[in-house]
Amino acid sequence: MDGDFMDEEVLLRRYALVGGPDDMIPRLRRVAQAVRDDRVVAEEARREAFALFEKNPPENIEKWTTVPSTALGDDIGAFNMMVALACVPQVAETHRRFDLPPEHLALTFSWFRPMIGLYRRRHGGVPGITHTRTFWFRKHADGLLFRFGCMEFLKGPVPNYLPADFRAQLSPEDEVPTFHFPGGPGGLDEDAIKRSFAEAVAFWKRAFGHYPKAFACDSWLFNEHWPELIPDTRIARSIDLYDRLPSLAYNPDEPSGLFFVYCRERCDPRDYPVTNSLERAYVTLYTRGIQPCDGCAWVKVDDDGTVRFRS
Ligand SMILES: CC(C)(COP(=O)(O)OP(=O)(O)OC[C@H]1O[C@@H](n2cnc3c(N)ncnc32)[C@H](O)[C@@H]1OP(=O)(O)O)[C@@H](O)C(=O)NCCC(=O)NCCS
């Protein structure tokens with residue numbers, strides 16, 4: 001997997017890890033050609049890869065002006081894919097360090113498959129990814145984020161969004177990793193979720209010598225309005241597995257869930273066609289003047305590593 005991330009062969013080999021759609025391949029080839037032909041495009045790719053995967057601390061490049069779209073046209077999403085794949089050797093090295101099997105690399109990079117689907121849906125059928133979420137992979141490279149089954153788990157201290165009475169039972173050095181859903185079909189299957197947690201606790205014990213005290217998550221999936229607005233969905237039901245708190249404060253920089261539904265960090269759902277119950281729910285929230293907020297969920301872990309789901 002080594003070699004320059006902009007080299008066409010290297011790029012296509014790395015894209016195979018994603019297992020993404022074939023119609024991305026001609027676009028990746030054109031991007032590799034554009035890099036060879038145009039110094040500005042090549043410099044931008046190196047600048048972004050450096051900021052994301054080498055600089056300490058890394059930069060979130062969300063607000064950067066990236067390559068002028070005229071240089072790449074609608075291949076810009078493929079350019080973003082190329083930059084994201086620059087971290088493959090670092091992630092592979094981290095997996096070796098943690099004794100994770102080689103197939104863990106493809107599982108980890110399959111994260112991009114739903115991202116490509118989301119981008120395609122909001123970009124007239126064109127495959128690609130945005131450059132705004134690639135920062136997430138630095139955490140894989142740094143040995144902080146790990147994929148197990150259908151979920152990811154991020155190392156970290158006790159999150160401040162947990163209720164005070166629960167935090168009072170923990171000491172400051174206790175670990176409460178956060179849990180995340182990469183998504184895609186079947187991404188909220190209950191059995192798969194439980195298997196992922198079981199793998200995560202076993203890994204934590206082996207890799208870090210202790211079980212976490214709990215796992216926590218603040219997410220758009222746990223919006224307190226979903227049980228009313230989309231009652232019979234996996235999204236609304238998935239919250240039943242966890243202890244929870246109602247929605248957290250509205251974050252104007254990242255209105256809850258918009259990216260994962262509209263592929264835009266900020267937008268007004270009323271500007272988009274309504275094609276399913278979730279999009280209708282977002283329109284209802286905005287029509288009622290309700291700002292979408294994350295909800296918070298957590299599960300405690302016993303001293304023997306048993307994860308205490310609510311159901
Ligand atoms: C999390 C995820 C797997 C849930 O999808 P799911 O299993 O289809 O969920 P549900 O079955 O409960 O879907 C309920 C409705 O919402 C729609 N829906 C679900 N996720 C959607 C999304 N990201 N964008 C648009 N619509 C979506 C479904 O099509 C369904 O519509 P319908 O009731 O009219 O048939 C999916 O949203 C996803 O892949 N998200 C990307 C990753 C993500 O958001 N992770 C959480 C970050 S913390």
# chains A, B, ... in the order shown; residues from 1 in each chain; ligands from 1
call {"tool": "closest_atom_pairs", "arguments": {"of": "segment 56-133 of chain A", "to": "segment 7-18 of chain A", "cutoff": "12 Å", "atoms": "only C-alpha atoms", "output": "JSON lines"}}
result
{"residue": "A:Ala78", "atom": "CA", "partner": "A:Tyr15", "partner_atom": "CA", "distance": 10.4}
{"residue": "A:Phe79", "atom": "CA", "partner": "A:Leu11", "partner_atom": "CA", "distance": 10.6}
{"residue": "A:Asn80", "atom": "CA", "partner": "A:Leu11", "partner_atom": "CA", "distance": 11.9}
{"residue": "A:Met81", "atom": "CA", "partner": "A:Tyr15", "partner_atom": "CA", "distance": 8.3}
{"residue": "A:Met82", "atom": "CA", "partner": "A:Leu11", "partner_atom": "CA", "distance": 6.6}
{"residue": "A:Val83", "atom": "CA", "partner": "A:Leu11", "partner_atom": "CA", "distance": 9.5}
{"residue": "A:Ala84", "atom": "CA", "partner": "A:Tyr15", "partner_atom": "CA", "distance": 10.0}
{"residue": "A:Leu85", "atom": "CA", "partner": "A:Arg14", "partner_atom": "CA", "distance": 6.6}
{"residue": "A:Ala86", "atom": "CA", "partner": "A:Leu11", "partner_atom": "CA", "distance": 8.5}
{"residue": "A:Cys87", "atom": "CA", "partner": "A:Arg14", "partner_atom": "CA", "distance": 9.9}
{"residue": "A:Val88", "atom": "CA", "partner": "A:Arg14", "partner_atom": "CA", "distance": 7.2}
{"residue": "A:Pro89", "atom": "CA", "partner": "A:Arg14", "partner_atom": "CA", "distance": 9.6}
{"residue": "A:Val91", "atom": "CA", "partner": "A:Arg14", "partner_atom": "CA", "distance": 11.9}
{"residue": "A:Ala92", "atom": "CA", "partner": "A:Arg14", "partner_atom": "CA", "distance": 11.3}
{"residue": "A:Pro102", "atom": "CA", "partner": "A:Leu17", "partner_atom": "CA", "distance": 11.1}
{"residue": "A:Glu103", "atom": "CA", "partner": "A:Leu17", "partner_atom": "CA", "distance": 9.3}
{"residue": "A:His104", "atom": "CA", "partner": "A:Leu17", "partner_atom": "CA", "distance": 10.0}
{"residue": "A:Leu105", "atom": "CA", "partner": "A:Leu17", "partner_atom": "CA", "distance": 7.2}
{"residue": "A:Ala106", "atom": "CA", "partner": "A:Leu17", "partner_atom": "CA", "distance": 4.6}
{"residue": "A:Leu107", "atom": "CA", "partner": "A:Leu17", "partner_atom": "CA", "distance": 7.9}
{"residue": "A:Thr108", "atom": "CA", "partner": "A:Val18", "partner_atom": "CA", "distance": 8.3}
{"residue": "A:Phe109", "atom": "CA", "partner": "A:Val18", "partner_atom": "CA", "distance": 5.0}
{"residue": "A:Ser110", "atom": "CA", "partner": "A:Val18", "partner_atom": "CA", "distance": 4.5}
{"residue": "A:Trp111", "atom": "CA", "partner": "A:Val18", "partner_atom": "CA", "distance": 7.4}
{"residue": "A:Phe112", "atom": "CA", "partner": "A:Val18", "partner_atom": "CA", "distance": 6.3}
{"residue": "A:Arg113", "atom": "CA", "partner": "A:Val18", "partner_atom": "CA", "distance": 6.5}
{"residue": "A:Pro114", "atom": "CA", "partner": "A:Val18", "partner_atom": "CA", "distance": 10.1}
{"residue": "A:Met115", "atom": "CA", "partner": "A:Val18", "partner_atom": "CA", "distance": 10.6}
{"residue": "A:Ile116", "atom": "CA", "partner": "A:Val18", "partner_atom": "CA", "distance": 10.0}
{"residue": "A:Gly128", "atom": "CA", "partner": "A:Tyr15", "partner_atom": "CA", "distance": 11.7}
call {"tool": "residues_near_ligand", "arguments": {"ligand": "ligand 1", "cutoff": "8 Å", "atoms": "only C-alpha atoms and all ligand atoms", "output": "ChimeraX atom specification"}}
result
/A:114-115,118,179-189,217-221,230,232-237,257,259-262,275-279
call {"tool": "atom_distance", "arguments": {"atom1": "atom CA of Glu265 of chain A", "atom2": "atom CA of Leu154 of chain A"}}
result
21.7 Å
call {"tool": "residues_around", "arguments": {"residues": "segment 297-299 of chain A", "least_positions_apart": "3", "cutoff": "10 Å", "atoms": "only C-alpha atoms", "output": "PyMOL selection string"}}
result
chain A and resi 161-162+176-179+197+213-219+221-222+239-247+294+302+307-310
call {"tool": "closest_residue", "arguments": {"among": "A:Val301, A:Asp268, A:Tyr282, A:Ala51", "to": "Glu175 of chain A", "atoms": "only C-alpha atoms"}}
result
A:Val301
call {"tool": "closest_residue", "arguments": {"among": "A:His131, A:Arg195, A:Arg288, A:Lys155", "to": "Lys63 of chain A", "atoms": "only C-alpha atoms"}}
result
A:His131
call {"tool": "select_by_dssp", "arguments": {"residues": "segment 58-103 of chain A", "states": "alpha helix (DSSP H)", "output": "VMD selection string"}}
result
chain A and resid 69 to 72 76 to 84 88 to 97
call {"tool": "write_last_selection", "arguments": {"atoms": "C-alpha atoms", "output": "short mmCIF file (atom, residue, chain, number, x, y, z; two decimals), in the first residue's frame"}}
result
data_model
loop_
_atom_site.label_atom_id
_atom_site.label_comp_id
_atom_site.auth_asym_id
_atom_site.auth_seq_id
_atom_site.Cartn_x
_atom_site.Cartn_y
_atom_site.Cartn_z
CA SER A 69 -13.75 23.48 -9.01
CA THR A 70 -12.96 24.55 -12.59
CA ALA A 71 -9.72 22.54 -12.40
CA LEU A 72 -11.54 19.27 -11.71
CA ILE A 76 -13.78 17.16 -7.06
CA GLY A 77 -15.43 14.44 -4.95
CA ALA A 78 -12.95 11.90 -6.40
CA PHE A 79 -10.10 14.30 -5.59
CA ASN A 80 -11.34 14.35 -1.98
CA MET A 81 -11.33 10.54 -2.03
CA MET A 82 -7.70 10.52 -3.19
CA VAL A 83 -6.66 12.86 -0.35
CA ALA A 84 -8.54 10.75 2.21
CA VAL A 88 -3.82 4.24 4.38
CA PRO A 89 -0.17 3.43 5.31
CA GLN A 90 -0.50 5.18 8.69
CA VAL A 91 -3.72 3.33 9.53
CA ALA A 92 -2.19 0.01 8.40
CA GLU A 93 0.82 0.63 10.64
CA THR A 94 -1.44 1.43 13.59
CA HIS A 95 -3.38 -1.79 13.03
CA ARG A 96 -0.09 -3.75 13.05
CA ARG A 97 0.86 -2.03 16.29
#
call {"tool": "select_by_dssp", "arguments": {"residues": "segment 114-214 of chain A", "states": "strand (DSSP E)", "output": "ChimeraX atom specification"}}
result
/A:145-148,151-154,178-180,214
call {"tool": "write_last_selection", "arguments": {"atoms": "C-alpha atoms", "output": "PDB file, in the first residue's frame"}}
result
ATOM      1  CA  LEU A 145     -10.525   5.133  16.775  1.00  0.00           C
ATOM      2  CA  PHE A 146     -11.301   1.474  16.055  1.00  0.00           C
ATOM      3  CA  ARG A 147     -13.905  -0.206  13.894  1.00  0.00           C
ATOM      4  CA  PHE A 148     -15.612  -3.388  15.098  1.00  0.00           C
ATOM      5  CA  MET A 151     -19.588   0.418  14.703  1.00  0.00           C
ATOM      6  CA  GLU A 152     -16.619   2.583  15.593  1.00  0.00           C
ATOM      7  CA  PHE A 153     -15.291   3.335  19.085  1.00  0.00           C
ATOM      8  CA  LEU A 154     -13.213   6.383  19.970  1.00  0.00           C
ATOM      9  CA  THR A 178     -17.661   7.168  22.450  1.00  0.00           C
ATOM     10  CA  PHE A 179     -19.515   4.951  19.978  1.00  0.00           C
ATOM     11  CA  HIS A 180     -20.378   5.808  16.385  1.00  0.00           C
ATOM     12  CA  ALA A 214     -19.064   2.861  29.882  1.00  0.00           C
TER      13      ALA A 214
END
call {"tool": "closest_residue", "arguments": {"among": "A:Pro58, A:Phe5, A:Pro21, A:Arg138", "to": "Ala42 of chain A", "atoms": "only C-alpha atoms"}}
result
A:Phe5
call {"tool": "atom_distance", "arguments": {"atom1": "atom CA of Gly149 of chain A", "atom2": "atom CA of Leu52 of chain A"}}
result
25.4 Å
call {"tool": "closest_residue", "arguments": {"among": "A:Gly289, A:Thr66, A:Asp304, A:Leu144", "to": "Phe208 of chain A", "atoms": "only C-alpha atoms"}}
result
A:Leu144
